[in-house]
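Coordinates from start.csv are shown below (CSV, C-alpha atoms).
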```
chain,number,residue,atom,x,y,z
A,899,MET,CA,192.2,37.8,-8.6
A,900,THR,CA,194.5,37.2,-11.5
A,901,ASN,CA,193.4,37.8,-15.0
A,902,PRO,CA,193.1,34.6,-17.1
A,903,THR,CA,195.6,34.2,-19.9
A,904,GLN,CA,195.7,32.2,-23.1
A,905,GLU,CA,198.6,31.5,-25.5
A,906,HIS,CA,198.3,32.1,-29.2
A,907,ALA,CA,200.8,30.9,-31.8
A,908,GLN,CA,202.2,33.5,-34.2
A,909,PRO,CA,203.2,32.7,-37.9
A,910,ASP,CA,206.9,32.7,-36.9
A,911,GLY,CA,206.3,30.1,-34.2
A,912,ARG,CA,206.5,32.4,-31.1
A,913,ALA,CA,203.8,32.0,-28.5
A,914,VAL,CA,202.1,35.2,-27.2
A,915,ARG,CA,200.2,35.3,-24.0
A,916,VAL,CA,196.9,37.2,-24.1
A,917,GLU,CA,195.7,38.7,-20.8
A,918,GLY,CA,192.0,38.9,-19.8
A,919,PHE,CA,190.6,36.1,-22.0
A,920,ALA,CA,189.3,32.7,-20.9
A,921,PRO,CA,186.9,30.2,-22.6
A,922,ARG,CA,183.4,30.0,-21.1
A,923,VAL,CA,182.9,26.9,-19.0
A,924,PRO,CA,179.4,25.7,-18.3
A,925,ALA,CA,178.1,26.3,-14.8
A,926,ALA,CA,177.5,22.6,-14.2
A,927,ARG,CA,181.2,21.9,-14.9
A,928,ARG,CA,182.4,24.7,-12.6
A,929,GLY,CA,180.3,23.3,-9.7
A,930,GLU,CA,177.8,26.2,-9.7
A,931,LYS,CA,174.1,25.7,-9.9
A,932,ALA,CA,172.9,25.6,-13.5
A,933,PRO,CA,170.2,28.2,-14.3
A,934,PHE,CA,168.2,25.6,-16.4
A,935,GLY,CA,168.6,22.6,-14.3
A,936,LYS,CA,171.1,19.7,-14.3
A,937,PRO,CA,171.7,18.0,-17.7
A,938,GLY,CA,170.5,14.4,-18.0
A,939,ARG,CA,172.1,11.4,-19.5
A,940,PRO,CA,172.6,11.4,-23.3
A,941,VAL,CA,169.5,10.2,-25.1
A,942,SER,CA,171.5,8.1,-27.6
A,943,GLY,CA,172.2,5.4,-25.1
A,944,SER,CA,168.5,5.0,-24.0
A,945,PRO,CA,166.6,1.8,-24.8
A,946,PHE,CA,163.9,4.0,-26.4
A,947,MET,CA,166.3,5.5,-29.0
A,948,PHE,CA,167.8,2.1,-29.7
A,949,GLY,CA,164.4,0.6,-30.4
A,950,PHE,CA,163.3,3.6,-32.5
A,951,THR,CA,166.5,3.5,-34.6
A,952,ALA,CA,166.1,-0.3,-35.1
A,953,ALA,CA,162.5,0.2,-36.1
A,954,LEU,CA,163.5,2.8,-38.6
A,955,GLY,CA,166.1,0.5,-40.0
A,956,VAL,CA,163.6,-2.4,-40.4
A,957,LEU,CA,161.1,0.0,-42.0
A,958,SER,CA,163.7,1.3,-44.5
A,959,ALA,CA,164.8,-2.3,-45.4
A,960,TRP,CA,161.1,-3.3,-45.9
A,961,LEU,CA,160.5,-0.2,-48.1
A,962,LEU,CA,163.6,-1.1,-50.1
A,963,VAL,CA,162.4,-4.6,-50.7
A,964,GLN,CA,159.0,-3.4,-51.8
A,965,ALA,CA,160.6,-0.9,-54.2
A,966,LEU,CA,162.8,-3.6,-55.7
A,967,THR,CA,159.8,-6.0,-56.0
A,968,VAL,CA,157.7,-3.3,-57.8
A,969,THR,CA,160.5,-2.3,-60.1
A,970,ALA,CA,161.9,-5.8,-60.8
A,971,SER,CA,160.7,-5.9,-64.4
A,972,ALA,CA,162.1,-2.5,-65.2
A,973,LEU,CA,165.4,-3.4,-63.5
A,974,ILE,CA,165.6,-6.6,-65.5
A,975,LEU,CA,165.2,-4.6,-68.7
A,976,ILE,CA,167.9,-2.1,-67.7
A,977,VAL,CA,170.3,-4.9,-66.8
A,978,VAL,CA,169.6,-6.7,-70.1
A,979,SER,CA,170.1,-3.5,-72.0
A,980,LEU,CA,173.4,-2.7,-70.3
A,981,PHE,CA,174.6,-6.3,-70.9
A,982,LEU,CA,173.8,-6.0,-74.6
A,983,ALA,CA,175.5,-2.6,-74.8
A,984,VAL,CA,178.6,-4.0,-73.3
A,985,GLY,CA,178.4,-7.0,-75.6
A,986,LEU,CA,178.0,-4.8,-78.7
A,987,ASN,CA,180.7,-2.4,-77.7
A,988,PRO,CA,183.6,-4.5,-79.1
A,989,ALA,CA,182.1,-4.4,-82.6
A,990,VAL,CA,181.7,-0.6,-82.3
A,991,ARG,CA,185.3,-0.3,-81.2
A,992,ARG,CA,186.5,-2.3,-84.2
A,993,LEU,CA,184.6,-0.1,-86.6
A,994,GLU,CA,186.1,2.9,-84.8
A,995,GLU,CA,189.6,1.5,-85.3
A,996,ARG,CA,188.9,1.4,-89.0
A,997,GLY,CA,188.3,5.1,-89.1
A,998,LEU,CA,184.6,5.5,-88.5
A,999,ARG,CA,183.2,7.9,-86.0
A,1000,ARG,CA,181.5,6.4,-82.9
A,1001,GLY,CA,178.1,7.6,-84.0
A,1002,ALA,CA,178.4,6.0,-87.4
A,1003,ALA,CA,179.8,2.8,-85.9
A,1004,ILE,CA,176.9,2.6,-83.4
A,1005,GLY,CA,174.4,3.2,-86.3
A,1006,MET,CA,175.9,0.3,-88.4
A,1007,VAL,CA,175.9,-2.1,-85.5
A,1008,PHE,CA,172.3,-1.2,-84.6
A,1009,ALA,CA,171.2,-1.5,-88.3
A,1010,ALA,CA,172.6,-5.1,-88.3
A,1011,VAL,CA,170.7,-5.9,-85.0
A,1012,ILE,CA,167.4,-4.5,-86.3
A,1013,GLY,CA,168.0,-6.3,-89.7
A,1014,PHE,CA,168.3,-9.6,-87.8
A,1015,PHE,CA,165.0,-9.0,-86.0
A,1016,VAL,CA,163.3,-8.1,-89.2
A,1017,LEU,CA,164.6,-11.2,-90.9
A,1018,PHE,CA,163.4,-13.3,-88.0
A,1019,GLY,CA,159.9,-11.8,-88.2
A,1020,VAL,CA,159.7,-12.2,-92.0
A,1021,ALA,CA,160.9,-15.8,-91.9
A,1022,VAL,CA,159.0,-17.1,-88.9
A,1023,VAL,CA,155.6,-15.2,-88.8
A,1024,PRO,CA,154.4,-16.2,-92.3
A,1025,ALA,CA,155.5,-19.8,-91.8
A,1026,LEU,CA,153.7,-19.9,-88.4
A,1027,SER,CA,150.5,-18.4,-89.8
A,1028,GLN,CA,150.6,-20.8,-92.8
A,1029,GLN,CA,151.1,-23.8,-90.6
A,1030,THR,CA,148.2,-22.7,-88.4
A,1031,GLY,CA,145.9,-22.3,-91.4
A,1032,GLN,CA,146.8,-25.7,-92.7
A,1033,PHE,CA,146.1,-27.3,-89.3
A,1034,VAL,CA,142.7,-25.7,-89.1
A,1035,GLU,CA,141.9,-26.9,-92.7
A,1036,GLN,CA,143.0,-30.4,-91.9
A,1037,LEU,CA,141.3,-30.6,-88.5
A,1038,PRO,CA,138.2,-32.4,-89.9
A,1039,ALA,CA,140.4,-35.1,-91.5
A,1040,TYR,CA,142.3,-35.5,-88.2
A,1041,ILE,CA,139.0,-36.0,-86.4
A,1042,GLU,CA,137.8,-38.6,-89.0
A,1043,GLN,CA,141.1,-40.5,-88.6
A,1044,LEU,CA,140.6,-40.3,-84.8
A,1045,LEU,CA,137.1,-41.7,-85.0
A,1046,ALA,CA,138.3,-44.6,-87.3
A,1047,ASN,CA,140.5,-45.8,-84.5
A,1048,PRO,CA,138.9,-48.8,-82.7
A,1049,GLY,CA,140.2,-47.8,-79.3
A,1050,VAL,CA,138.7,-44.3,-79.6
A,1051,ARG,CA,135.4,-45.8,-80.8
A,1052,GLU,CA,135.3,-48.1,-77.8
A,1053,LEU,CA,136.0,-45.2,-75.4
A,1054,ASP,CA,133.2,-43.2,-77.1
A,1055,GLN,CA,130.8,-46.0,-76.6
A,1056,ARG,CA,131.7,-46.3,-72.9
A,1057,PHE,CA,132.0,-42.7,-71.8
A,1058,GLY,CA,130.2,-40.7,-74.5
A,1059,LEU,CA,133.2,-38.6,-75.4
A,1060,LEU,CA,131.9,-37.3,-78.7
A,1061,GLN,CA,128.7,-36.3,-77.1
A,1062,ARG,CA,130.5,-34.3,-74.4
A,1063,VAL,CA,132.7,-32.7,-77.0
A,1064,GLN,CA,129.7,-31.7,-79.1
A,1065,ASP,CA,127.9,-30.3,-76.1
A,1066,TYR,CA,131.0,-28.3,-75.1
A,1067,LEU,CA,131.4,-26.9,-78.7
A,1068,LEU,CA,127.7,-25.9,-78.8
A,1069,SER,CA,127.8,-24.2,-75.4
A,1070,GLY,CA,128.9,-20.6,-74.9
A,1071,ASN,CA,131.7,-21.5,-72.6
A,1072,MET,CA,134.1,-22.3,-75.5
A,1073,GLY,CA,133.5,-19.0,-77.2
A,1074,THR,CA,134.1,-17.1,-73.9
A,1075,GLN,CA,137.3,-19.1,-73.2
A,1076,VAL,CA,138.6,-18.7,-76.7
A,1077,PHE,CA,137.9,-14.9,-76.6
A,1078,SER,CA,139.6,-14.5,-73.2
A,1079,GLY,CA,142.6,-16.6,-74.5
A,1080,LEU,CA,142.9,-14.4,-77.5
A,1081,LEU,CA,142.9,-11.3,-75.4
A,1082,GLY,CA,145.5,-12.8,-73.1
A,1083,ALA,CA,147.7,-13.8,-76.1
A,1084,ALA,CA,147.3,-10.3,-77.5
A,1085,GLY,CA,148.3,-8.8,-74.2
A,1086,VAL,CA,151.4,-11.0,-74.1
A,1087,VAL,CA,152.4,-10.1,-77.6
A,1088,VAL,CA,152.0,-6.3,-76.9
A,1089,SER,CA,154.0,-6.7,-73.7
A,1090,VAL,CA,156.8,-8.5,-75.5
A,1091,LEU,CA,156.9,-5.9,-78.2
A,1092,PHE,CA,157.0,-3.1,-75.7
A,1093,SER,CA,159.8,-4.8,-73.7
A,1094,ALA,CA,161.8,-5.4,-76.9
A,1095,LEU,CA,161.4,-1.8,-78.0
A,1096,THR,CA,162.4,-0.6,-74.5
A,1097,VAL,CA,165.5,-2.8,-74.6
A,1098,LEU,CA,166.5,-1.5,-78.0
A,1099,ILE,CA,166.2,2.1,-77.0
A,1100,LEU,CA,168.0,1.6,-73.7
A,1101,THR,CA,170.8,-0.4,-75.4
A,1102,LEU,CA,171.3,2.4,-77.9
A,1103,TYR,CA,171.5,4.9,-75.1
A,1104,PHE,CA,173.9,2.9,-73.0
A,1105,LEU,CA,176.0,2.1,-76.0
A,1106,ALA,CA,176.3,5.8,-76.9
A,1107,SER,CA,177.1,6.7,-73.2
A,1108,LEU,CA,179.1,3.7,-72.2
A,1109,ARG,CA,182.4,5.7,-71.9
A,1110,SER,CA,180.8,8.4,-69.7
A,1111,ILE,CA,179.0,5.7,-67.6
A,1112,THR,CA,182.2,3.8,-66.9
A,1113,GLY,CA,184.1,7.0,-66.3
A,1114,LEU,CA,181.6,8.1,-63.7
A,1115,GLY,CA,181.7,4.7,-62.0
A,1116,TYR,CA,185.5,4.8,-61.8
A,1117,ARG,CA,185.4,8.4,-60.3
A,1118,LEU,CA,183.2,7.1,-57.4
A,1119,VAL,CA,186.2,4.9,-56.3
A,1120,PRO,CA,188.9,6.5,-54.0
A,1121,LYS,CA,191.8,7.9,-56.1
A,1122,SER,CA,194.3,5.6,-54.4
A,1123,ARG,CA,192.5,2.6,-55.8
A,1124,ARG,CA,191.0,4.1,-59.0
A,1125,GLU,CA,193.7,2.8,-61.4
A,1126,ARG,CA,193.5,-0.8,-60.2
A,1127,VAL,CA,189.7,-0.7,-60.2
A,1128,ARG,CA,189.7,0.8,-63.7
A,1129,LEU,CA,192.0,-2.0,-65.0
A,1130,LEU,CA,189.9,-4.7,-63.4
A,1131,GLY,CA,186.6,-3.1,-64.7
A,1132,ASP,CA,187.9,-2.8,-68.2
A,1133,GLU,CA,188.9,-6.4,-68.2
A,1134,VAL,CA,185.5,-7.5,-66.9
A,1135,LEU,CA,183.8,-5.4,-69.7
A,1136,ARG,CA,186.2,-7.0,-72.2
A,1137,ARG,CA,185.3,-10.5,-71.1
A,1138,VAL,CA,181.5,-9.7,-71.1
A,1139,GLY,CA,181.8,-8.3,-74.6
A,1140,GLY,CA,183.9,-11.2,-75.8
A,1141,TYR,CA,181.3,-13.6,-74.4
A,1142,VAL,CA,178.5,-11.9,-76.2
A,1143,ALA,CA,180.4,-11.8,-79.5
A,1144,GLY,CA,181.6,-15.4,-79.2
A,1145,ASN,CA,178.1,-16.6,-78.3
A,1146,LEU,CA,176.7,-14.8,-81.4
A,1147,ILE,CA,179.3,-16.4,-83.6
A,1148,ILE,CA,178.5,-19.8,-82.2
A,1149,SER,CA,174.8,-19.3,-82.8
A,1150,LEU,CA,175.5,-18.0,-86.3
A,1151,ILE,CA,177.4,-21.2,-87.1
A,1152,ALA,CA,174.6,-23.3,-85.7
A,1153,GLY,CA,172.0,-21.5,-87.7
A,1154,VAL,CA,173.9,-21.7,-91.0
A,1155,THR,CA,174.8,-25.4,-90.5
A,1156,SER,CA,171.2,-26.2,-89.6
A,1157,PHE,CA,169.8,-24.4,-92.6
A,1158,LEU,CA,172.1,-26.3,-95.0
A,1159,PHE,CA,171.2,-29.7,-93.4
A,1160,LEU,CA,167.4,-29.0,-93.3
A,1161,SER,CA,167.5,-27.8,-96.9
A,1162,ILE,CA,169.3,-30.9,-98.1
A,1163,ALA,CA,167.0,-33.2,-96.1
A,1164,GLY,CA,163.9,-31.5,-97.6
A,1165,VAL,CA,162.4,-30.3,-94.4
A,1166,PRO,CA,159.9,-27.5,-95.0
A,1167,TYR,CA,160.5,-24.0,-93.7
A,1168,ALA,CA,164.3,-24.5,-93.4
A,1169,LEU,CA,165.1,-20.8,-92.9
A,1170,PRO,CA,162.6,-20.2,-90.0
A,1171,LEU,CA,163.7,-23.4,-88.3
A,1172,ALA,CA,167.4,-22.4,-88.7
A,1173,ILE,CA,166.7,-19.0,-87.2
A,1174,ILE,CA,164.9,-20.7,-84.3
A,1175,VAL,CA,167.9,-23.0,-83.8
A,1176,ALA,CA,170.3,-20.0,-83.8
A,1177,VAL,CA,168.2,-17.9,-81.4
A,1178,THR,CA,167.7,-20.7,-78.9
A,1179,ASP,CA,171.4,-21.7,-79.1
A,1180,LEU,CA,172.1,-18.4,-77.2
A,1181,VAL,CA,170.5,-19.9,-74.1
A,1182,PRO,CA,173.0,-22.0,-72.1
A,1183,LEU,CA,172.3,-25.7,-71.3
A,1184,ILE,CA,168.8,-26.1,-72.6
A,1185,GLY,CA,168.7,-23.7,-75.6
A,1186,ALA,CA,170.3,-26.0,-78.1
A,1187,ALA,CA,168.0,-28.9,-77.1
A,1188,ILE,CA,164.9,-26.7,-77.6
A,1189,GLY,CA,165.9,-25.6,-81.1
A,1190,ALA,CA,166.9,-29.2,-82.1
A,1191,GLY,CA,163.6,-30.5,-80.7
A,1192,VAL,CA,161.5,-28.0,-82.7
A,1193,ALA,CA,163.3,-28.8,-86.0
A,1194,SER,CA,163.2,-32.6,-85.4
A,1195,ILE,CA,159.4,-32.5,-84.7
A,1196,VAL,CA,158.9,-30.8,-88.1
A,1197,GLY,CA,161.1,-33.5,-89.6
A,1198,PHE,CA,159.0,-36.2,-88.2
A,1199,PHE,CA,155.9,-34.6,-89.8
A,1200,VAL,CA,157.7,-35.1,-93.1
A,1201,SER,CA,158.6,-38.7,-92.5
A,1202,MET,CA,160.0,-41.0,-89.9
A,1203,PRO,CA,163.5,-41.4,-91.6
A,1204,VAL,CA,163.7,-37.6,-91.9
A,1205,GLY,CA,162.9,-37.1,-88.3
A,1206,ILE,CA,165.5,-39.7,-87.2
A,1207,ALA,CA,168.1,-38.0,-89.5
A,1208,CYS,CA,167.3,-34.7,-87.8
A,1209,LEU,CA,167.8,-36.2,-84.3
A,1210,VAL,CA,171.1,-37.8,-85.4
A,1211,PHE,CA,172.4,-34.6,-87.0
A,1212,PHE,CA,171.6,-32.3,-84.1
A,1213,ILE,CA,173.1,-34.7,-81.5
A,1214,ALA,CA,176.3,-35.0,-83.5
A,1215,TYR,CA,176.4,-31.3,-84.1
A,1216,GLN,CA,176.1,-30.5,-80.4
A,1217,GLN,CA,179.1,-32.7,-79.7
A,1218,VAL,CA,181.1,-30.8,-82.3
A,1219,GLU,CA,179.9,-27.5,-81.0
A,1220,ASN,CA,180.6,-28.3,-77.3
A,1221,TYR,CA,184.1,-29.8,-77.8
A,1222,LEU,CA,185.5,-28.1,-81.0
A,1223,ILE,CA,183.7,-24.8,-81.9
A,1224,ALA,CA,182.9,-23.3,-78.5
A,1225,PRO,CA,186.3,-23.8,-76.9
A,1226,ARG,CA,188.1,-22.2,-79.8
A,1227,VAL,CA,185.7,-19.3,-80.0
A,1228,MET,CA,185.6,-18.6,-76.3
A,1229,LYS,CA,189.3,-19.3,-75.4
A,1230,THR,CA,190.3,-15.6,-75.7
A,1231,SER,CA,187.3,-14.1,-73.9
A,1232,VAL,CA,185.7,-16.2,-71.2
A,1233,ASP,CA,187.6,-19.0,-69.5
A,1234,VAL,CA,185.2,-20.5,-67.0
A,1235,PRO,CA,185.4,-24.1,-65.9
A,1236,ALA,CA,182.7,-26.4,-67.1
A,1237,ALA,CA,181.4,-27.1,-63.6
A,1238,ALA,CA,181.2,-23.4,-62.8
A,1239,THR,CA,179.4,-22.8,-66.1
A,1240,ILE,CA,176.7,-25.3,-65.2
A,1241,VAL,CA,176.3,-24.1,-61.7
A,1242,ALA,CA,176.1,-20.5,-62.7
A,1243,ALA,CA,173.6,-21.2,-65.5
A,1244,LEU,CA,171.4,-23.2,-63.1
A,1245,ILE,CA,171.5,-20.5,-60.4
A,1246,GLY,CA,170.9,-17.7,-62.9
A,1247,GLY,CA,168.0,-19.6,-64.5
A,1248,ALA,CA,166.4,-20.3,-61.1
A,1249,LEU,CA,166.7,-16.6,-60.2
A,1250,LEU,CA,165.7,-14.8,-63.4
A,1251,GLY,CA,164.8,-17.5,-65.9
A,1252,ILE,CA,166.2,-17.2,-69.4
A,1253,VAL,CA,167.7,-13.8,-68.7
A,1254,GLY,CA,169.5,-15.1,-65.6
A,1255,ALA,CA,170.9,-18.0,-67.6
A,1256,LEU,CA,172.2,-15.6,-70.3
A,1257,LEU,CA,173.8,-13.4,-67.7
A,1258,ALA,CA,175.2,-16.2,-65.5
A,1259,ILE,CA,178.3,-17.1,-67.4
A,1260,PRO,CA,179.8,-13.6,-67.8
A,1261,VAL,CA,179.0,-12.9,-64.2
A,1262,ALA,CA,180.8,-16.1,-63.2
A,1263,ALA,CA,183.8,-14.9,-65.4
A,1264,ALA,CA,183.8,-11.5,-63.6
A,1265,ILE,CA,183.7,-13.2,-60.2
A,1266,GLN,CA,186.5,-15.6,-61.2
A,1267,LEU,CA,188.6,-12.6,-62.2
A,1268,ILE,CA,188.0,-10.7,-58.9
A,1269,LEU,CA,188.8,-13.9,-57.0
A,1270,ALA,CA,192.1,-14.4,-58.9
A,1271,GLU,CA,193.3,-10.8,-58.8
A,1272,VAL,CA,192.0,-9.5,-55.5
A,1273,VAL,CA,190.8,-12.1,-53.0
A,1274,LEU,CA,193.4,-14.8,-53.4
A,1275,PRO,CA,196.5,-12.5,-53.4
A,1276,ARG,CA,195.1,-10.8,-50.3
A,1277,GLN,CA,194.7,-14.1,-48.5
A,1278,GLU,CA,198.2,-15.2,-49.5
A,1279,SER,CA,199.7,-12.0,-48.1
A,1280,HIS,CA,198.4,-12.7,-44.6
```
Once you've parsed the file, please lay out its structure as structure tokens.
Amino acid sequence: MTNPTQEHAQPDGRAVRVEGFAPRVPAARRGEKAPFGKPGRPVSGSPFMFGFTAALGVLSAWLLVQALTVTASALILIVVSLFLAVGLNPAVRRLEERGLRRGAAIGMVFAAVIGFFVLFGVAVVPALSQQTGQFVEQLPAYIEQLLANPGVRELDQRFGLLQRVQDYLLSGNMGTQVFSGLLGAAGVVVSVLFSALTVLILTLYFLASLRSITGLGYRLVPKSRRERVRLLGDEVLRRVGGYVAGNLIISLIAGVTSFLFLSIAGVPYALPLAIIVAVTDLVPLIGAAIGAGVASIVGFFVSMPVGIACLVFFIAYQQVENYLIAPRVMKTSVDVPAAATIVAALIGGALLGIVGALLAIPVAAAIQLILAEVVLPRQESH
């Protein structure tokens, strides 16, 4: 019986035959009887393993959906904070270009943001509380005017409306409902304040760590495609930042213009109304109409001519903003067709409400960039 041999390659390329060595072959493959029985078919191809693997996949997908549902509110806060950080980053970079350190630049930008919120609270809250107090004081006069109306008097004689209202006021149900309503309103206010504080803290963190976050994201991409992904990612971030900065400039112009008009027209609380117009103008499609409606309603409380003048002013200003101001401000940052803007805002609003409407346009701009630079050239090459 000859000794088995095997060839080994040496560093110089020569093959050397080694006597007396052979790899061990399983007994079943050599035709001999296996000591532990004949091996069966691989388990991976059995229907049981297929069903078990499919069940695990369905269970994992269900758990992922449940986790996203539970953490949806937290994820929205994170996305909004990241969006604000990307939007505020161009202002920080401009301050850095003027010689400030990044920490000092972030501090200045955040001081301006916090100052705006403080101004909003100082201007709106006292006016709102004063208006509420005046309404409560004048409520008996409103009721007397209502009772002097012949139509209301006739309805009271037919259906006993005043008696029902009196019985409701004297019963304990009203107190219980008012108390529960106050508790619900207090809970909403606390939740809004907590969410705003969370967004501010996360925005500050993301803004300070934006370079490291984007650098880590680019390192996750294969090296052969990293440079192109980095260029596209930087352009997307530039467009998002330009959109936020441009939107803030447009809202500032709307607020200043509204304040000047309301002050000249003699509408009370011109500053709070102008701030409301500026804040609501940030929301695409419906935001400007909401702010104009609030200011016009206050104008109608002053007099009918003042209210009509407010309506005419805001309708004319919206045309100027849509066709003159917005195109000039946004031409260097976000260039999205009007139809795509409307569709994106509608879809974003349906998915995430006001937050989705705010994020829809920069997301549409990013998708447009990826289509123009990646998808369409690839389709043309085939």
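What separates atom CA of A:Ser1161 from atom CA of A:Gln1217 is a distance of 21.3 Å.
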Write out as a list in words which residues come within 10 Å of stretch 1109-1113 of chain A when counting only C-alpha atoms, dropping same-chain ones fewer than 6 positions away.
Arg1128, Gly1131, Asp1132 and Leu1135 of chain A
Write a file of the just-selected residues containing C-alpha atoms, as a short mmCIF file (atom, residue, chain, number, x, y, z; two decimals), in the coordinates of the input.
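Written file, result_16.cif:
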```cif
data_model
loop_
_atom_site.label_atom_id
_atom_site.label_comp_id
_atom_site.auth_asym_id
_atom_site.auth_seq_id
_atom_site.Cartn_x
_atom_site.Cartn_y
_atom_site.Cartn_z
CA ARG A 1128 189.70 0.80 -63.70
CA GLY A 1131 186.60 -3.10 -64.70
CA ASP A 1132 187.90 -2.80 -68.20
CA LEU A 1135 183.80 -5.40 -69.70
#
```
d(atom CA of A:Ile1173, atom CA of A:Val1022) in Å:
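These two atoms are separated by 8.1 Å.
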Suppose you want the space between atom CA of A:Gly1031 and atom CA of A:Phe1159; what is it in Å?
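According to the coordinates, atom CA of A:Gly1031 and atom CA of A:Phe1159 are separated by 26.4 Å.
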Measuring between all atoms listed in the file, which one of A:Phe1018, A:Pro1275, A:Ala1248, A:Gly1254 shows the shortest distance to A:Gly1153?
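Comparing A:Phe1018, A:Pro1275, A:Ala1248, A:Gly1254 against A:Gly1153, the winner is A:Phe1018.
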